[in-house]
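To start, the structure itself, in structure tokens.
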Amino acid sequence: MAADVVSAEAAMDFSARAQLFEAHIQSYNGDDPLDPWDRYCQWVEGILEEEGRQNYLSSLLERLMKIFLSDKRYQHDSRFISYCMKFATFTDDPSQFFDYMYSQGVGTKSSNLYIAWAQQLGMQGNVSHANTVIEKGIHNGAQPLEKLHQLYGMLQRCLAQNQISSQVGVLEPRNSQQFNETTSKDDPANIHQNQISKDMNPANSELCPVYGGVEKM
């Protein structure tokens, strides 16, 4: 009974504070409309572990996408790019959303977009497409460029391995440990990788899958 009371009080407190954030968003008339949303999202994220508000965050990020995706002021804003990438983890196919971000010009100068995008494609076994994505990032001069060159070199080796395996008829899947270490270590693009379902986790996927001697697409 006591636990139920505490839970009810916590829910009421969450609702009351959320309403304050909503009111601040509605009344904001400054030159950075993303700022109150940023504060709101940070607050929700800060209590997620305790309150279990995953669905709430997903809904909040969806609203943020609808409002700001077409706002050219935020195409290269690190805050907005970060929220776009977090929202992608709630979608059925994050790589599709990254593709949409790119088509809208969002994050095209940030290496984090291309790394997260390539990582998703790699987890799906589409190494060739992942390689193309990294090439786009390098061509667009996304920063930091060094990270893209590092991943590009690794993908090139992976593609070469698949080609050799195809030529000799070896059906030997490669694990993604190297890919995971390269793309996740100290990389902001993977802040919310733990929110992706277990079957999409890089640790459970193959970076260089070979099926019948042919790279899976």
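Chain labels A, B, ... are given in the sequence in which chains occur in the structure tokens; within each chain residues are numbered consecutively from 1, and ligands are likewise numbered from 1 in the order shown.
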Write out as a PDB file with C-alpha atoms, in the first residue's frame each polymer residue whose atoms come within 10 Å of Leu69 (chain A), counting only C-alpha atoms; drop sequence neighbours fewer than 6 positions from it.
ATOM      1  CA  GLN A  75      20.300  21.591 -39.461  1.00  0.00           C
ATOM      2  CA  PHE A  80      19.148  18.840 -32.479  1.00  0.00           C
ATOM      3  CA  ILE A  81      21.350  16.325 -34.282  1.00  0.00           C
ATOM      4  CA  CYS A  84      17.435  13.150 -34.015  1.00  0.00           C
ATOM      5  CA  TYR A 100      15.739  10.883 -44.119  1.00  0.00           C
ATOM      6  CA  MET A 101      17.843  13.177 -41.920  1.00  0.00           C
ATOM      7  CA  GLN A 104      16.656  17.021 -45.157  1.00  0.00           C
ATOM      8  CA  GLY A 105      20.193  18.337 -44.759  1.00  0.00           C
ATOM      9  CA  VAL A 106      20.243  17.614 -41.019  1.00  0.00           C
TER      10      VAL A 106
END
Find the residues of region 15-130 of chain A that sit at most 10 Å from region 142-151 of chain A; for each, write down the nearest two atoms and how far apart they are in Å, to one decimal. Count only C-alpha atoms. Sort by chain, then by number going up, and give it as JSON lines.
{"residue": "A:Gly107", "atom": "CA", "partner": "A:Ala142", "partner_atom": "CA", "distance": 8.6}
{"residue": "A:Thr108", "atom": "CA", "partner": "A:Ala142", "partner_atom": "CA", "distance": 6.6}
{"residue": "A:Lys109", "atom": "CA", "partner": "A:Ala142", "partner_atom": "CA", "distance": 4.1}
{"residue": "A:Ser110", "atom": "CA", "partner": "A:Ala142", "partner_atom": "CA", "distance": 4.8}
{"residue": "A:Ser111", "atom": "CA", "partner": "A:Ala142", "partner_atom": "CA", "distance": 4.9}
{"residue": "A:Asn112", "atom": "CA", "partner": "A:Gln143", "partner_atom": "CA", "distance": 8.1}
{"residue": "A:Leu113", "atom": "CA", "partner": "A:Ala142", "partner_atom": "CA", "distance": 9.0}
{"residue": "A:Tyr114", "atom": "CA", "partner": "A:Leu148", "partner_atom": "CA", "distance": 7.9}
{"residue": "A:Ile115", "atom": "CA", "partner": "A:Leu148", "partner_atom": "CA", "distance": 7.1}
{"residue": "A:Ala118", "atom": "CA", "partner": "A:Leu151", "partner_atom": "CA", "distance": 9.1}
{"residue": "A:Gln119", "atom": "CA", "partner": "A:Leu151", "partner_atom": "CA", "distance": 9.7}
{"residue": "A:Ala130", "atom": "CA", "partner": "A:Leu151", "partner_atom": "CA", "distance": 9.8}
Would you mind exporting the chosen residues as an mmCIF file, in the first residue's frame, restricted to all heavy atoms?
data_model
loop_
_atom_site.group_PDB
_atom_site.id
_atom_site.type_symbol
_atom_site.label_atom_id
_atom_site.label_comp_id
_atom_site.auth_asym_id
_atom_site.auth_seq_id
_atom_site.Cartn_x
_atom_site.Cartn_y
_atom_site.Cartn_z
ATOM 1 N N GLY A 107 22.447 17.398 -40.036
ATOM 2 C CA GLY A 107 23.612 16.667 -39.557
ATOM 3 C C GLY A 107 24.607 16.269 -40.616
ATOM 4 O O GLY A 107 25.505 15.458 -40.351
ATOM 5 N N THR A 108 24.501 16.842 -41.800
ATOM 6 C CA THR A 108 25.380 16.417 -42.896
ATOM 7 C C THR A 108 26.835 16.814 -42.689
ATOM 8 O O THR A 108 27.719 16.306 -43.385
ATOM 9 C CB THR A 108 24.888 17.001 -44.239
ATOM 10 O OG1 THR A 108 24.823 18.434 -44.133
ATOM 11 C CG2 THR A 108 23.512 16.453 -44.587
ATOM 12 N N LYS A 109 27.090 17.706 -41.746
ATOM 13 C CA LYS A 109 28.467 18.111 -41.449
ATOM 14 C C LYS A 109 28.992 17.460 -40.172
ATOM 15 O O LYS A 109 30.098 17.763 -39.728
ATOM 16 C CB LYS A 109 28.548 19.631 -41.310
ATOM 17 C CG LYS A 109 28.214 20.398 -42.582
ATOM 18 C CD LYS A 109 29.182 20.066 -43.709
ATOM 19 C CE LYS A 109 28.889 20.883 -44.954
ATOM 20 N NZ LYS A 109 29.815 20.542 -46.075
ATOM 21 N N SER A 110 28.202 16.558 -39.606
ATOM 22 C CA SER A 110 28.590 15.878 -38.368
ATOM 23 C C SER A 110 28.950 14.418 -38.653
ATOM 24 O O SER A 110 28.125 13.666 -39.195
ATOM 25 C CB SER A 110 27.450 15.929 -37.341
ATOM 26 O OG SER A 110 27.732 15.104 -36.232
ATOM 27 N N SER A 111 30.148 14.009 -38.273
ATOM 28 C CA SER A 111 30.558 12.620 -38.502
ATOM 29 C C SER A 111 29.705 11.652 -37.696
ATOM 30 O O SER A 111 29.574 10.480 -38.060
ATOM 31 C CB SER A 111 32.037 12.435 -38.141
ATOM 32 O OG SER A 111 32.259 12.672 -36.764
ATOM 33 N N ASN A 112 29.112 12.132 -36.597
ATOM 34 C CA ASN A 112 28.279 11.252 -35.767
ATOM 35 C C ASN A 112 27.125 10.649 -36.556
ATOM 36 O O ASN A 112 26.748 9.496 -36.344
ATOM 37 C CB ASN A 112 27.730 12.020 -34.556
ATOM 38 C CG ASN A 112 28.798 12.354 -33.555
ATOM 39 O OD1 ASN A 112 29.853 11.733 -33.531
ATOM 40 N ND2 ASN A 112 28.545 13.348 -32.728
ATOM 41 N N LEU A 113 26.535 11.439 -37.455
ATOM 42 C CA LEU A 113 25.434 10.932 -38.268
ATOM 43 C C LEU A 113 25.892 9.765 -39.128
ATOM 44 O O LEU A 113 25.268 8.700 -39.144
ATOM 45 C CB LEU A 113 24.875 12.041 -39.159
ATOM 46 C CG LEU A 113 23.917 11.571 -40.280
ATOM 47 C CD1 LEU A 113 22.691 10.888 -39.682
ATOM 48 C CD2 LEU A 113 23.520 12.734 -41.178
ATOM 49 N N TYR A 114 26.981 9.939 -39.843
ATOM 50 C CA TYR A 114 27.455 8.907 -40.768
ATOM 51 C C TYR A 114 27.930 7.656 -40.026
ATOM 52 O O TYR A 114 27.718 6.534 -40.506
ATOM 53 C CB TYR A 114 28.580 9.479 -41.635
ATOM 54 C CG TYR A 114 28.153 10.693 -42.423
ATOM 55 C CD1 TYR A 114 28.466 11.977 -41.970
ATOM 56 C CD2 TYR A 114 27.426 10.570 -43.601
ATOM 57 C CE1 TYR A 114 28.072 13.106 -42.690
ATOM 58 C CE2 TYR A 114 27.021 11.686 -44.317
ATOM 59 C CZ TYR A 114 27.343 12.953 -43.847
ATOM 60 O OH TYR A 114 26.940 14.063 -44.556
ATOM 61 N N ILE A 115 28.542 7.852 -38.872
ATOM 62 C CA ILE A 115 29.018 6.705 -38.092
ATOM 63 C C ILE A 115 27.846 5.882 -37.577
ATOM 64 O O ILE A 115 27.830 4.653 -37.688
ATOM 65 C CB ILE A 115 29.911 7.175 -36.932
ATOM 66 C CG1 ILE A 115 31.230 7.731 -37.473
ATOM 67 C CG2 ILE A 115 30.182 6.033 -35.953
ATOM 68 C CD1 ILE A 115 32.081 8.425 -36.431
ATOM 69 N N ALA A 118 26.140 4.181 -40.603
ATOM 70 C CA ALA A 118 26.935 3.049 -41.083
ATOM 71 C C ALA A 118 26.882 1.889 -40.096
ATOM 72 O O ALA A 118 26.866 0.716 -40.491
ATOM 73 C CB ALA A 118 28.381 3.481 -41.316
ATOM 74 N N GLN A 119 26.861 2.208 -38.809
ATOM 75 C CA GLN A 119 26.805 1.157 -37.808
ATOM 76 C C GLN A 119 25.505 0.359 -37.930
ATOM 77 O O GLN A 119 25.513 -0.872 -37.873
ATOM 78 C CB GLN A 119 26.912 1.748 -36.402
ATOM 79 C CG GLN A 119 26.948 0.691 -35.307
ATOM 80 C CD GLN A 119 27.093 1.309 -33.936
ATOM 81 O OE1 GLN A 119 26.500 2.355 -33.664
ATOM 82 N NE2 GLN A 119 27.857 0.684 -33.073
ATOM 83 N N ALA A 130 27.058 0.644 -45.998
ATOM 84 C CA ALA A 130 27.730 1.335 -44.898
ATOM 85 C C ALA A 130 28.977 2.053 -45.405
ATOM 86 O O ALA A 130 29.266 3.191 -45.012
ATOM 87 C CB ALA A 130 28.105 0.340 -43.802
#
Exercise for review: Name the residues in contact with Glu45 (chain A) at a cut-off of 9 Å, using only C-alpha atoms, excluding same-chain residues fewer than 5 positions from it; report them as a list in words.
Suggested key: Tyr40, Arg53, Gln54 and Leu57 of chain A
Practice item. Select from region 21-184 of chain A everything DSSP, run on the backbone, classes as strand (DSSP E or B), then give the selection as a list in words. Key: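 Those in region 21-184 of chain A that DSSP calls strand (DSSP E or B) are Ser110, Gln143, Arg174 and Asn175 of chain A.
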Practice item. Within 12 Å of region 41-43 of chain A, counting only C-alpha atoms, which residues show up once you throw out same-chain ones fewer than 6 positions away? Write them as a ChimeraX atom specification, please. Key: /A:14,17-18,20-22,25,34-35,49,51,53-54,56-64,79-80,82-83,86-87
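Interatomic distance, CA of Met85 (chain A) to CA of Gln19 (chain A): 25.4 Å.
Distances here use only C-alpha atoms; by that measure, the residue among A:Ile134, A:Asp92, A:Asp13, A:Leu121 closest to Gly153 (chain A) is A:Ile134.
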Point to revise | Counting only C-alpha atoms, the option among A:Cys158, A:Asp99, A:Ile47, A:Pro33 closest to Ile67 (chain A) | key: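 Between A:Cys158, A:Asp99, A:Ile47, A:Pro33, the residue approaching Ile67 (chain A) most closely is A:Pro33.
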Practice item. Rounded to one decimal place, report the CA of Leu48 (chain A)-CA of Tyr28 (chain A) distance in Å. Key: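 The value is 25.3 Å.
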Exercise for review: For each of A:Ser103, A:Trp37, A:Asn126, A:Asn55, take the minimum atom-to-atom distance to Thr91 (chain A), counting only C-alpha atoms, then give the residue where this is smallest.
Suggested key: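 Answer, going by the shortest atom-to-atom distance: A:Asn55.
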